[in-house]
Amino acid sequence: ISLLFTILYNLRSYNFNTMKKTILTAFLIFVVFISTFYLLKDQEPTADVVKDKLTVTKVIDGDTITLSDDNHVRLIGINTPEKGQFYYQEAKDKLTSLVEGKEVSLVKDKTNNDRYGRLLRYVYLDDIFINEVMIEEGYAEAIEYKPNLAHQDVLEAAELEAKQQNLGIWKDYKEDLTACQRLGCPVNSNFAGSKNSNFFYECDCYYALKIKKDNLICFSNQEDAINKGYQESRYC
């Protein structure tokens, strides 16, 4: 790039006519721009570059842990049952057996924290990809945590394998059920909300999956939800 700037500077000493000099100058500026763009692009951190190693001091549930530096970590791309839901304790126990008291590698994707302040990370124990293990053994489902999608294909493939084998949370899985039906909504439902909030979501949304059965309210369409005093969530 510095060489190109030198050439541009020295163009003044060459005996070109004005038109030729203008065209060449424009071309060289374009080359400088493209070169700079790709140089900066290559320097952006990826999910396989930014790593930390810390000890897990506590497992909160099947997808959240506490580290030796007191940070809470939410495992990217997975979702496990909430307390009181089917397979909650099994998922928590599995993650506990995998990582509690052990030193793990933490890999960042695009986003550093979620809206609750927890670190968003892929977790590895040596060469074991913990996020994937929790899904492929039926303790968690794969969810998109946009824009953190570096390993989404791997996680979704693991979920498909668990579904096909009816493992864990997929024990009674039926392929023909809609996302709303899996939440516990009637067959004609397209959106879901919580009795404890005034937002509604698409049924496969991460926040809809967090709604406890006792608080679940279902809607046939957006108009139905709005008429009942709910507003559409900006998250999904």
# chains A, B, ... in the order shown; residues from 1 in each chain; ligands from 1
>>> select_by_dssp(residues="range 59-154 of chain A", states="strand (DSSP E)", output="JSON, numbers by chain")
{"A": [59, 60, 61, 64, 65, 66, 67, 72, 73, 74, 75, 78, 79, 103, 104, 105, 106, 107, 119, 120, 121, 122, 123, 124, 125, 128, 129, 141, 142]}
>>> residues_around(residues="range 199-207 of chain A", least_positions_apart="2", cutoff="9 Å", atoms="only C-alpha atoms", output="PDB file with all heavy atoms, in the first residue's frame")
ATOM      1  N   ASN A  79     -29.806 -24.481  24.077  1.00  0.00           N
ATOM      2  CA  ASN A  79     -30.843 -24.113  25.028  1.00  0.00           C
ATOM      3  C   ASN A  79     -31.292 -25.363  25.767  1.00  0.00           C
ATOM      4  O   ASN A  79     -31.629 -26.367  25.149  1.00  0.00           O
ATOM      5  CB  ASN A  79     -32.036 -23.476  24.316  1.00  0.00           C
ATOM      6  CG  ASN A  79     -33.081 -22.990  25.305  1.00  0.00           C
ATOM      7  OD1 ASN A  79     -32.789 -22.195  26.181  1.00  0.00           O
ATOM      8  ND2 ASN A  79     -34.310 -23.478  25.157  1.00  0.00           N
ATOM      9  N   ILE A 143     -30.085 -23.639  19.051  1.00  0.00           N
ATOM     10  CA  ILE A 143     -30.807 -22.407  18.755  1.00  0.00           C
ATOM     11  C   ILE A 143     -29.851 -21.422  18.094  1.00  0.00           C
ATOM     12  O   ILE A 143     -28.644 -21.443  18.341  1.00  0.00           O
ATOM     13  CB  ILE A 143     -31.417 -21.765  20.017  1.00  0.00           C
ATOM     14  CG1 ILE A 143     -30.316 -21.362  21.016  1.00  0.00           C
ATOM     15  CG2 ILE A 143     -32.437 -22.663  20.654  1.00  0.00           C
ATOM     16  CD1 ILE A 143     -30.788 -20.432  22.095  1.00  0.00           C
ATOM     17  N   GLU A 144     -30.389 -20.571  17.238  1.00  0.00           N
ATOM     18  CA  GLU A 144     -29.588 -19.517  16.626  1.00  0.00           C
ATOM     19  C   GLU A 144     -29.470 -18.362  17.607  1.00  0.00           C
ATOM     20  O   GLU A 144     -30.471 -17.846  18.102  1.00  0.00           O
ATOM     21  CB  GLU A 144     -30.225 -19.033  15.321  1.00  0.00           C
ATOM     22  CG  GLU A 144     -30.086 -20.017  14.187  1.00  0.00           C
ATOM     23  CD  GLU A 144     -30.472 -19.378  12.858  1.00  0.00           C
ATOM     24  OE1 GLU A 144     -30.997 -18.247  12.865  1.00  0.00           O
ATOM     25  OE2 GLU A 144     -30.247 -20.014  11.817  1.00  0.00           O
ATOM     26  N   TYR A 145     -28.253 -17.981  17.896  1.00  0.00           N
ATOM     27  CA  TYR A 145     -27.996 -16.855  18.787  1.00  0.00           C
ATOM     28  C   TYR A 145     -27.314 -15.776  17.965  1.00  0.00           C
ATOM     29  O   TYR A 145     -26.152 -15.450  18.168  1.00  0.00           O
ATOM     30  CB  TYR A 145     -27.100 -17.312  19.950  1.00  0.00           C
ATOM     31  CG  TYR A 145     -27.489 -16.753  21.296  1.00  0.00           C
ATOM     32  CD1 TYR A 145     -27.989 -17.565  22.312  1.00  0.00           C
ATOM     33  CD2 TYR A 145     -27.359 -15.395  21.554  1.00  0.00           C
ATOM     34  CE1 TYR A 145     -28.332 -17.041  23.542  1.00  0.00           C
ATOM     35  CE2 TYR A 145     -27.702 -14.863  22.782  1.00  0.00           C
ATOM     36  CZ  TYR A 145     -28.192 -15.699  23.786  1.00  0.00           C
ATOM     37  OH  TYR A 145     -28.535 -15.169  25.007  1.00  0.00           O
ATOM     38  N   THR A 178     -45.869 -28.663  15.236  1.00  0.00           N
ATOM     39  CA  THR A 178     -45.364 -27.312  14.991  1.00  0.00           C
ATOM     40  C   THR A 178     -44.586 -26.837  16.212  1.00  0.00           C
ATOM     41  O   THR A 178     -44.679 -27.420  17.301  1.00  0.00           O
ATOM     42  CB  THR A 178     -46.522 -26.342  14.727  1.00  0.00           C
ATOM     43  OG1 THR A 178     -47.300 -26.210  15.931  1.00  0.00           O
ATOM     44  CG2 THR A 178     -47.405 -26.832  13.585  1.00  0.00           C
ATOM     45  N   ALA A 179     -43.837 -25.745  16.030  1.00  0.00           N
ATOM     46  CA  ALA A 179     -43.069 -25.182  17.148  1.00  0.00           C
ATOM     47  C   ALA A 179     -44.002 -24.766  18.284  1.00  0.00           C
ATOM     48  O   ALA A 179     -43.677 -24.934  19.467  1.00  0.00           O
ATOM     49  CB  ALA A 179     -42.252 -23.990  16.667  1.00  0.00           C
ATOM     50  N   CYS A 180     -45.172 -24.230  17.937  1.00  0.00           N
ATOM     51  CA  CYS A 180     -46.134 -23.814  18.961  1.00  0.00           C
ATOM     52  C   CYS A 180     -46.709 -25.013  19.722  1.00  0.00           C
ATOM     53  O   CYS A 180     -46.905 -24.957  20.940  1.00  0.00           O
ATOM     54  CB  CYS A 180     -47.261 -23.002  18.333  1.00  0.00           C
ATOM     55  SG  CYS A 180     -46.760 -21.351  17.765  1.00  0.00           S
ATOM     56  N   GLN A 181     -46.956 -26.093  19.017  1.00  0.00           N
ATOM     57  CA  GLN A 181     -47.465 -27.291  19.674  1.00  0.00           C
ATOM     58  C   GLN A 181     -46.445 -27.868  20.645  1.00  0.00           C
ATOM     59  O   GLN A 181     -46.801 -28.382  21.706  1.00  0.00           O
ATOM     60  CB  GLN A 181     -47.851 -28.345  18.625  1.00  0.00           C
ATOM     61  CG  GLN A 181     -49.145 -28.036  17.886  1.00  0.00           C
ATOM     62  CD  GLN A 181     -49.441 -29.065  16.814  1.00  0.00           C
ATOM     63  OE1 GLN A 181     -48.762 -29.130  15.796  1.00  0.00           O
ATOM     64  NE2 GLN A 181     -50.439 -29.893  17.056  1.00  0.00           N
ATOM     65  N   ARG A 182     -45.170 -27.775  20.278  1.00  0.00           N
ATOM     66  CA  ARG A 182     -44.132 -28.284  21.180  1.00  0.00           C
ATOM     67  C   ARG A 182     -44.040 -27.451  22.453  1.00  0.00           C
ATOM     68  O   ARG A 182     -43.620 -27.950  23.500  1.00  0.00           O
ATOM     69  CB  ARG A 182     -42.782 -28.319  20.461  1.00  0.00           C
ATOM     70  CG  ARG A 182     -42.745 -29.310  19.310  1.00  0.00           C
ATOM     71  CD  ARG A 182     -41.325 -29.542  18.799  1.00  0.00           C
ATOM     72  NE  ARG A 182     -41.373 -30.291  17.563  1.00  0.00           N
ATOM     73  CZ  ARG A 182     -41.207 -29.769  16.354  1.00  0.00           C
ATOM     74  NH1 ARG A 182     -40.931 -28.475  16.231  1.00  0.00           N
ATOM     75  NH2 ARG A 182     -41.278 -30.505  15.280  1.00  0.00           N
ATOM     76  N   LEU A 183     -44.442 -26.178  22.362  1.00  0.00           N
ATOM     77  CA  LEU A 183     -44.489 -25.349  23.567  1.00  0.00           C
ATOM     78  C   LEU A 183     -45.663 -25.734  24.457  1.00  0.00           C
ATOM     79  O   LEU A 183     -45.652 -25.490  25.658  1.00  0.00           O
ATOM     80  CB  LEU A 183     -44.625 -23.870  23.189  1.00  0.00           C
ATOM     81  CG  LEU A 183     -43.416 -23.157  22.592  1.00  0.00           C
ATOM     82  CD1 LEU A 183     -43.772 -21.708  22.288  1.00  0.00           C
ATOM     83  CD2 LEU A 183     -42.225 -23.219  23.520  1.00  0.00           C
ATOM     84  N   SER A 189     -52.238 -22.284  16.749  1.00  0.00           N
ATOM     85  CA  SER A 189     -51.450 -21.169  17.290  1.00  0.00           C
ATOM     86  C   SER A 189     -50.228 -20.874  16.420  1.00  0.00           C
ATOM     87  O   SER A 189     -49.632 -21.779  15.843  1.00  0.00           O
ATOM     88  CB  SER A 189     -50.978 -21.501  18.714  1.00  0.00           C
ATOM     89  OG  SER A 189     -52.068 -21.749  19.566  1.00  0.00           O
ATOM     90  N   ASN A 190     -49.873 -19.587  16.356  1.00  0.00           N
ATOM     91  CA  ASN A 190     -48.697 -19.176  15.593  1.00  0.00           C
ATOM     92  C   ASN A 190     -47.736 -18.299  16.400  1.00  0.00           C
ATOM     93  O   ASN A 190     -46.607 -18.061  15.966  1.00  0.00           O
ATOM     94  CB  ASN A 190     -49.125 -18.410  14.340  1.00  0.00           C
ATOM     95  CG  ASN A 190     -49.795 -19.321  13.328  1.00  0.00           C
ATOM     96  OD1 ASN A 190     -49.173 -20.201  12.773  1.00  0.00           O
ATOM     97  ND2 ASN A 190     -51.095 -19.098  13.110  1.00  0.00           N
ATOM     98  N   PHE A 191     -48.207 -17.814  17.552  1.00  0.00           N
ATOM     99  CA  PHE A 191     -47.370 -16.980  18.404  1.00  0.00           C
ATOM    100  C   PHE A 191     -47.609 -17.352  19.860  1.00  0.00           C
ATOM    101  O   PHE A 191     -48.648 -17.926  20.201  1.00  0.00           O
ATOM    102  CB  PHE A 191     -47.684 -15.492  18.191  1.00  0.00           C
ATOM    103  CG  PHE A 191     -47.388 -15.012  16.800  1.00  0.00           C
ATOM    104  CD1 PHE A 191     -48.384 -15.006  15.835  1.00  0.00           C
ATOM    105  CD2 PHE A 191     -46.115 -14.571  16.456  1.00  0.00           C
ATOM    106  CE1 PHE A 191     -48.118 -14.569  14.546  1.00  0.00           C
ATOM    107  CE2 PHE A 191     -45.840 -14.137  15.172  1.00  0.00           C
ATOM    108  CZ  PHE A 191     -46.834 -14.144  14.218  1.00  0.00           C
ATOM    109  N   ALA A 192     -46.635 -16.996  20.708  1.00  0.00           N
ATOM    110  CA  ALA A 192     -46.755 -17.301  22.131  1.00  0.00           C
ATOM    111  C   ALA A 192     -46.240 -16.141  22.960  1.00  0.00           C
ATOM    112  O   ALA A 192     -45.400 -15.353  22.518  1.00  0.00           O
ATOM    113  CB  ALA A 192     -45.977 -18.569  22.472  1.00  0.00           C
ATOM    114  N   GLY A 193     -46.758 -16.024  24.181  1.00  0.00           N
ATOM    115  CA  GLY A 193     -46.305 -14.995  25.106  1.00  0.00           C
ATOM    116  C   GLY A 193     -46.369 -15.514  26.523  1.00  0.00           C
ATOM    117  O   GLY A 193     -46.789 -16.651  26.768  1.00  0.00           O
ATOM    118  N   SER A 194     -45.953 -14.674  27.456  1.00  0.00           N
ATOM    119  CA  SER A 194     -45.997 -15.041  28.874  1.00  0.00           C
ATOM    120  C   SER A 194     -47.013 -14.166  29.597  1.00  0.00           C
ATOM    121  O   SER A 194     -47.147 -12.974  29.299  1.00  0.00           O
ATOM    122  CB  SER A 194     -44.610 -14.859  29.507  1.00  0.00           C
ATOM    123  OG  SER A 194     -44.692 -14.996  30.917  1.00  0.00           O
ATOM    124  N   SER A 197     -45.532 -10.934  31.131  1.00  0.00           N
ATOM    125  CA  SER A 197     -44.999  -9.831  30.330  1.00  0.00           C
ATOM    126  C   SER A 197     -46.053  -9.391  29.328  1.00  0.00           C
ATOM    127  O   SER A 197     -47.133  -9.974  29.241  1.00  0.00           O
ATOM    128  CB  SER A 197     -43.720 -10.262  29.600  1.00  0.00           C
ATOM    129  OG  SER A 197     -44.037 -11.021  28.456  1.00  0.00           O
ATOM    130  N   LEU A 209     -39.139 -20.125  24.050  1.00  0.00           N
ATOM    131  CA  LEU A 209     -38.745 -21.411  24.617  1.00  0.00           C
ATOM    132  C   LEU A 209     -38.491 -21.326  26.114  1.00  0.00           C
ATOM    133  O   LEU A 209     -38.502 -22.343  26.810  1.00  0.00           O
ATOM    134  CB  LEU A 209     -37.483 -21.926  23.908  1.00  0.00           C
ATOM    135  CG  LEU A 209     -37.611 -22.184  22.401  1.00  0.00           C
ATOM    136  CD1 LEU A 209     -36.257 -22.524  21.795  1.00  0.00           C
ATOM    137  CD2 LEU A 209     -38.609 -23.298  22.128  1.00  0.00           C
ATOM    138  N   LYS A 210     -38.264 -20.112  26.624  1.00  0.00           N
ATOM    139  CA  LYS A 210     -37.992 -19.913  28.041  1.00  0.00           C
ATOM    140  C   LYS A 210     -39.267 -19.765  28.877  1.00  0.00           C
ATOM    141  O   LYS A 210     -39.212 -19.761  30.101  1.00  0.00           O
ATOM    142  CB  LYS A 210     -37.131 -18.653  28.234  1.00  0.00           C
ATOM    143  CG  LYS A 210     -35.706 -18.784  27.719  1.00  0.00           C
ATOM    144  CD  LYS A 210     -34.889 -19.711  28.584  1.00  0.00           C
ATOM    145  CE  LYS A 210     -33.437 -19.724  28.187  1.00  0.00           C
ATOM    146  NZ  LYS A 210     -32.644 -20.645  29.039  1.00  0.00           N
ATOM    147  N   ILE A 211     -40.426 -19.640  28.215  1.00  0.00           N
ATOM    148  CA  ILE A 211     -41.681 -19.429  28.942  1.00  0.00           C
ATOM    149  C   ILE A 211     -42.107 -20.706  29.660  1.00  0.00           C
ATOM    150  O   ILE A 211     -42.171 -21.778  29.055  1.00  0.00           O
ATOM    151  CB  ILE A 211     -42.801 -18.979  27.981  1.00  0.00           C
ATOM    152  CG1 ILE A 211     -42.411 -17.663  27.289  1.00  0.00           C
ATOM    153  CG2 ILE A 211     -44.116 -18.806  28.733  1.00  0.00           C
ATOM    154  CD1 ILE A 211     -43.370 -17.258  26.183  1.00  0.00           C
ATOM    155  N   ILE A 217     -49.174 -18.301  27.184  1.00  0.00           N
ATOM    156  CA  ILE A 217     -50.410 -17.882  26.537  1.00  0.00           C
ATOM    157  C   ILE A 217     -50.168 -17.918  25.032  1.00  0.00           C
ATOM    158  O   ILE A 217     -49.099 -17.521  24.557  1.00  0.00           O
ATOM    159  CB  ILE A 217     -50.858 -16.480  27.007  1.00  0.00           C
ATOM    160  CG1 ILE A 217     -52.186 -16.104  26.355  1.00  0.00           C
ATOM    161  CG2 ILE A 217     -49.787 -15.430  26.743  1.00  0.00           C
ATOM    162  CD1 ILE A 217     -52.823 -14.863  26.963  1.00  0.00           C
ATOM    163  N   CYS A 218     -51.126 -18.425  24.271  1.00  0.00           N
ATOM    164  CA  CYS A 218     -50.941 -18.652  22.840  1.00  0.00           C
ATOM    165  C   CYS A 218     -51.886 -17.781  22.014  1.00  0.00           C
ATOM    166  O   CYS A 218     -53.000 -17.467  22.456  1.00  0.00           O
ATOM    167  CB  CYS A 218     -51.178 -20.134  22.517  1.00  0.00           C
ATOM    168  SG  CYS A 218     -50.201 -21.269  23.550  1.00  0.00           S
ATOM    169  N   PHE A 219     -51.423 -17.433  20.827  1.00  0.00           N
ATOM    170  CA  PHE A 219     -52.213 -16.565  19.952  1.00  0.00           C
ATOM    171  C   PHE A 219     -52.263 -17.158  18.548  1.00  0.00           C
ATOM    172  O   PHE A 219     -51.265 -17.699  18.055  1.00  0.00           O
ATOM    173  CB  PHE A 219     -51.581 -15.169  19.884  1.00  0.00           C
ATOM    174  CG  PHE A 219     -51.287 -14.564  21.226  1.00  0.00           C
ATOM    175  CD1 PHE A 219     -49.987 -14.536  21.707  1.00  0.00           C
ATOM    176  CD2 PHE A 219     -52.305 -14.039  22.016  1.00  0.00           C
ATOM    177  CE1 PHE A 219     -49.696 -13.988  22.942  1.00  0.00           C
ATOM    178  CE2 PHE A 219     -52.026 -13.484  23.256  1.00  0.00           C
ATOM    179  CZ  PHE A 219     -50.714 -13.457  23.729  1.00  0.00           C
ATOM    180  N   GLN A 222     -50.978 -12.292  14.892  1.00  0.00           N
ATOM    181  CA  GLN A 222     -50.487 -11.070  15.515  1.00  0.00           C
ATOM    182  C   GLN A 222     -51.628 -10.182  16.010  1.00  0.00           C
ATOM    183  O   GLN A 222     -51.546  -9.579  17.085  1.00  0.00           O
ATOM    184  CB  GLN A 222     -49.617 -10.303  14.521  1.00  0.00           C
ATOM    185  CG  GLN A 222     -48.289 -10.997  14.205  1.00  0.00           C
ATOM    186  CD  GLN A 222     -47.503 -10.265  13.146  1.00  0.00           C
ATOM    187  OE1 GLN A 222     -48.048  -9.868  12.124  1.00  0.00           O
ATOM    188  NE2 GLN A 222     -46.214 -10.084  13.386  1.00  0.00           N
ATOM    189  N   ALA A 225     -52.920 -11.295  19.323  1.00  0.00           N
ATOM    190  CA  ALA A 225     -52.031 -10.924  20.430  1.00  0.00           C
ATOM    191  C   ALA A 225     -52.149  -9.444  20.778  1.00  0.00           C
ATOM    192  O   ALA A 225     -52.227  -9.060  21.961  1.00  0.00           O
ATOM    193  CB  ALA A 225     -50.593 -11.260  20.066  1.00  0.00           C
ATOM    194  N   ILE A 226     -52.183  -8.594  19.755  1.00  0.00           N
ATOM    195  CA  ILE A 226     -52.265  -7.146  19.973  1.00  0.00           C
ATOM    196  C   ILE A 226     -53.588  -6.772  20.632  1.00  0.00           C
ATOM    197  O   ILE A 226     -53.638  -5.933  21.531  1.00  0.00           O
ATOM    198  CB  ILE A 226     -52.089  -6.403  18.635  1.00  0.00           C
ATOM    199  CG1 ILE A 226     -50.649  -6.588  18.126  1.00  0.00           C
ATOM    200  CG2 ILE A 226     -52.418  -4.922  18.782  1.00  0.00           C
ATOM    201  CD1 ILE A 226     -50.421  -6.109  16.711  1.00  0.00           C
ATOM    202  N   GLY A 229     -53.572  -7.007  24.293  1.00  0.00           N
ATOM    203  CA  GLY A 229     -52.679  -6.116  25.026  1.00  0.00           C
ATOM    204  C   GLY A 229     -51.208  -6.445  24.928  1.00  0.00           C
ATOM    205  O   GLY A 229     -50.392  -5.873  25.665  1.00  0.00           O
ATOM    206  N   TYR A 230     -50.850  -7.332  24.021  1.00  0.00           N
ATOM    207  CA  TYR A 230     -49.442  -7.707  23.852  1.00  0.00           C
ATOM    208  C   TYR A 230     -48.829  -6.968  22.670  1.00  0.00           C
ATOM    209  O   TYR A 230     -49.544  -6.555  21.750  1.00  0.00           O
ATOM    210  CB  TYR A 230     -49.325  -9.216  23.643  1.00  0.00           C
ATOM    211  CG  TYR A 230     -49.502 -10.022  24.919  1.00  0.00           C
ATOM    212  CD1 TYR A 230     -50.751 -10.226  25.449  1.00  0.00           C
ATOM    213  CD2 TYR A 230     -48.400 -10.560  25.575  1.00  0.00           C
ATOM    214  CE1 TYR A 230     -50.944 -10.948  26.634  1.00  0.00           C
ATOM    215  CE2 TYR A 230     -48.563 -11.288  26.745  1.00  0.00           C
ATOM    216  CZ  TYR A 230     -49.834 -11.483  27.267  1.00  0.00           C
ATOM    217  OH  TYR A 230     -49.990 -12.195  28.435  1.00  0.00           O
ATOM    218  N   GLN A 231     -47.527  -6.792  22.711  1.00  0.00           N
ATOM    219  CA  GLN A 231     -46.816  -6.186  21.589  1.00  0.00           C
ATOM    220  C   GLN A 231     -45.695  -7.121  21.132  1.00  0.00           C
ATOM    221  O   GLN A 231     -45.154  -7.888  21.920  1.00  0.00           O
ATOM    222  CB  GLN A 231     -46.241  -4.823  21.967  1.00  0.00           C
ATOM    223  CG  GLN A 231     -45.271  -4.838  23.127  1.00  0.00           C
ATOM    224  CD  GLN A 231     -44.834  -3.420  23.533  1.00  0.00           C
ATOM    225  OE1 GLN A 231     -45.487  -2.438  23.186  1.00  0.00           O
ATOM    226  NE2 GLN A 231     -43.738  -3.324  24.232  1.00  0.00           N
ATOM    227  N   GLU A 232     -45.381  -7.037  19.845  1.00  0.00           N
ATOM    228  CA  GLU A 232     -44.380  -7.938  19.276  1.00  0.00           C
ATOM    229  C   GLU A 232     -42.988  -7.621  19.800  1.00  0.00           C
ATOM    230  O   GLU A 232     -42.569  -6.459  19.854  1.00  0.00           O
ATOM    231  CB  GLU A 232     -44.392  -7.841  17.752  1.00  0.00           C
ATOM    232  CG  GLU A 232     -43.531  -8.886  17.072  1.00  0.00           C
ATOM    233  CD  GLU A 232     -43.740  -8.917  15.565  1.00  0.00           C
ATOM    234  OE1 GLU A 232     -44.450  -8.011  15.056  1.00  0.00           O
ATOM    235  OE2 GLU A 232     -43.213  -9.817  14.905  1.00  0.00           O
ATOM    236  N   SER A 233     -42.257  -8.651  20.191  1.00  0.00           N
ATOM    237  CA  SER A 233     -40.905  -8.462  20.696  1.00  0.00           C
ATOM    238  C   SER A 233     -39.975  -8.047  19.554  1.00  0.00           C
ATOM    239  O   SER A 233     -40.100  -8.539  18.428  1.00  0.00           O
ATOM    240  CB  SER A 233     -40.382  -9.758  21.330  1.00  0.00           C
ATOM    241  OG  SER A 233     -39.001  -9.669  21.597  1.00  0.00           O
ATOM    242  N   ARG A 234     -39.035  -7.171  19.836  1.00  0.00           N
ATOM    243  CA  ARG A 234     -38.092  -6.760  18.802  1.00  0.00           C
ATOM    244  C   ARG A 234     -36.951  -7.747  18.668  1.00  0.00           C
ATOM    245  O   ARG A 234     -36.109  -7.610  17.790  1.00  0.00           O
ATOM    246  CB  ARG A 234     -37.540  -5.364  19.126  1.00  0.00           C
ATOM    247  CG  ARG A 234     -36.749  -5.266  20.400  1.00  0.00           C
ATOM    248  CD  ARG A 234     -36.397  -3.819  20.699  1.00  0.00           C
ATOM    249  NE  ARG A 234     -35.670  -3.657  21.954  1.00  0.00           N
ATOM    250  CZ  ARG A 234     -34.346  -3.695  22.063  1.00  0.00           C
ATOM    251  NH1 ARG A 234     -33.612  -3.934  20.990  1.00  0.00           N
ATOM    252  NH2 ARG A 234     -33.763  -3.518  23.231  1.00  0.00           N
ATOM    253  N   TYR A 235     -36.892  -8.743  19.543  1.00  0.00           N
ATOM    254  CA  TYR A 235     -35.788  -9.709  19.485  1.00  0.00           C
ATOM    255  C   TYR A 235     -36.043 -10.827  18.479  1.00  0.00           C
ATOM    256  O   TYR A 235     -35.161 -11.288  17.808  1.00  0.00           O
ATOM    257  CB  TYR A 235     -35.532 -10.306  20.878  1.00  0.00           C
ATOM    258  CG  TYR A 235     -34.976  -9.285  21.841  1.00  0.00           C
ATOM    259  CD1 TYR A 235     -35.793  -8.710  22.813  1.00  0.00           C
ATOM    260  CD2 TYR A 235     -33.652  -8.870  21.751  1.00  0.00           C
ATOM    261  CE1 TYR A 235     -35.284  -7.759  23.686  1.00  0.00           C
ATOM    262  CE2 TYR A 235     -33.143  -7.906  22.614  1.00  0.00           C
ATOM    263  CZ  TYR A 235     -33.968  -7.365  23.594  1.00  0.00           C
ATOM    264  OH  TYR A 235     -33.467  -6.421  24.442  1.00  0.00           O
ATOM    265  N   CYS A 236     -37.277 -11.306  18.391  1.00  0.00           N
ATOM    266  CA  CYS A 236     -37.612 -12.328  17.387  1.00  0.00           C
ATOM    267  C   CYS A 236     -39.117 -12.545  17.363  1.00  0.00           C
ATOM    268  O   CYS A 236     -39.826 -12.023  18.195  1.00  0.00           O
ATOM    269  CB  CYS A 236     -36.892 -13.639  17.670  1.00  0.00           C
ATOM    270  SG  CYS A 236     -37.187 -14.330  19.316  1.00  0.00           S
TER     271      CYS A 236
END
>>> residues_around(residues="Val104 in chain A", least_positions_apart="4", cutoff="10 Å", atoms="only C-alpha atoms", output="ChimeraX atom specification")
/A:52-56,67,99-100,122-128,130
>>> residues_around(residues="Arg74 in chain A", least_positions_apart="2", cutoff="8 Å", atoms="only C-alpha atoms", output="list in words")
Asp63, Thr64, Ile65, His72, Ile76, Arg118, Leu119, Leu120 and Arg121 of chain A
>>> residues_around(residues="range 58-62 of chain A", least_positions_apart="6", cutoff="12 Å", atoms="only C-alpha atoms", output="number ranges by chain")
A: 68-76, 78-85, 87-103, 130-131, 133-135, 138-141
>>> atom_distance(atom1="CA of Asp176 in chain A", atom2="CA of Glu161 in chain A")
16.7 Å
>>> select_by_dssp(residues="range 86-166 of chain A", states="helix (DSSP H, G or I)", output="ChimeraX atom specification")
/A:88-99,130-136,152-164
>>> atom_distance(atom1="CA of Leu155 in chain A", atom2="CA of Lys213 in chain A")
25.9 Å
>>> residues_around(residues="Ala162 in chain A", least_positions_apart="3", cutoff="8 Å", atoms="only C-alpha atoms", output="VMD selection string")
chain A and resid 135 to 138 158 to 159 165 to 168 170
>>> write_last_selection(atoms="N, CA, C and O atoms", output="JSON list (two decimals), in the first residue's frame")
[["chain", "number", "residue", "atom", "x", "y", "z"],
["A", 135, "ILE", "N", -25.89, -31.08, 23.08],
["A", 135, "ILE", "CA", -26.94, -31.23, 22.08],
["A", 135, "ILE", "C", -27.02, -32.65, 21.55],
["A", 135, "ILE", "O", -28.10, -33.26, 21.49],
["A", 136, "GLU", "N", -25.88, -33.22, 21.17],
["A", 136, "GLU", "CA", -25.89, -34.53, 20.52],
["A", 136, "GLU", "C", -26.32, -35.65, 21.46],
["A", 136, "GLU", "O", -26.77, -36.70, 21.01],
["A", 137, "GLU", "N", -26.23, -35.42, 22.77],
["A", 137, "GLU", "CA", -26.68, -36.44, 23.72],
["A", 137, "GLU", "C", -28.08, -36.17, 24.24],
["A", 137, "GLU", "O", -28.57, -36.85, 25.14],
["A", 138, "GLY", "N", -28.75, -35.17, 23.68],
["A", 138, "GLY", "CA", -30.16, -34.93, 23.97],
["A", 138, "GLY", "C", -30.45, -34.10, 25.20],
["A", 138, "GLY", "O", -31.59, -34.07, 25.68],
["A", 158, "ALA", "N", -25.93, -31.98, 15.18],
["A", 158, "ALA", "CA", -25.97, -32.75, 16.43],
["A", 158, "ALA", "C", -27.40, -32.90, 16.92],
["A", 158, "ALA", "O", -27.80, -33.96, 17.41],
["A", 159, "GLU", "N", -28.19, -31.83, 16.78],
["A", 159, "GLU", "CA", -29.60, -31.90, 17.19],
["A", 159, "GLU", "C", -30.38, -32.91, 16.35],
["A", 159, "GLU", "O", -31.18, -33.69, 16.88],
["A", 165, "GLN", "N", -32.56, -40.31, 17.22],
["A", 165, "GLN", "CA", -32.37, -41.38, 18.21],
["A", 165, "GLN", "C", -33.29, -41.22, 19.41],
["A", 165, "GLN", "O", -33.23, -42.03, 20.35],
["A", 166, "ASN", "N", -34.14, -40.17, 19.39],
["A", 166, "ASN", "CA", -35.07, -39.89, 20.49],
["A", 166, "ASN", "C", -34.37, -39.83, 21.85],
["A", 166, "ASN", "O", -34.81, -40.39, 22.83],
["A", 167, "LEU", "N", -33.27, -39.08, 21.88],
["A", 167, "LEU", "CA", -32.49, -38.97, 23.11],
["A", 167, "LEU", "C", -32.97, -37.81, 23.99],
["A", 167, "LEU", "O", -33.36, -36.75, 23.48],
["A", 168, "GLY", "N", -32.94, -38.02, 25.29],
["A", 168, "GLY", "CA", -33.17, -36.95, 26.25],
["A", 168, "GLY", "C", -34.44, -36.17, 26.03],
["A", 168, "GLY", "O", -35.55, -36.71, 26.10],
["A", 170, "TRP", "N", -35.74, -35.20, 23.49],
["A", 170, "TRP", "CA", -36.43, -35.61, 22.26],
["A", 170, "TRP", "C", -37.08, -36.99, 22.41],
["A", 170, "TRP", "O", -37.46, -37.60, 21.42]]
>>> closest_residue(among="A:Pro147, A:Leu216, A:Val154, A:Cys185", to="Asn112 in chain A", atoms="only C-alpha atoms")
A:Pro147
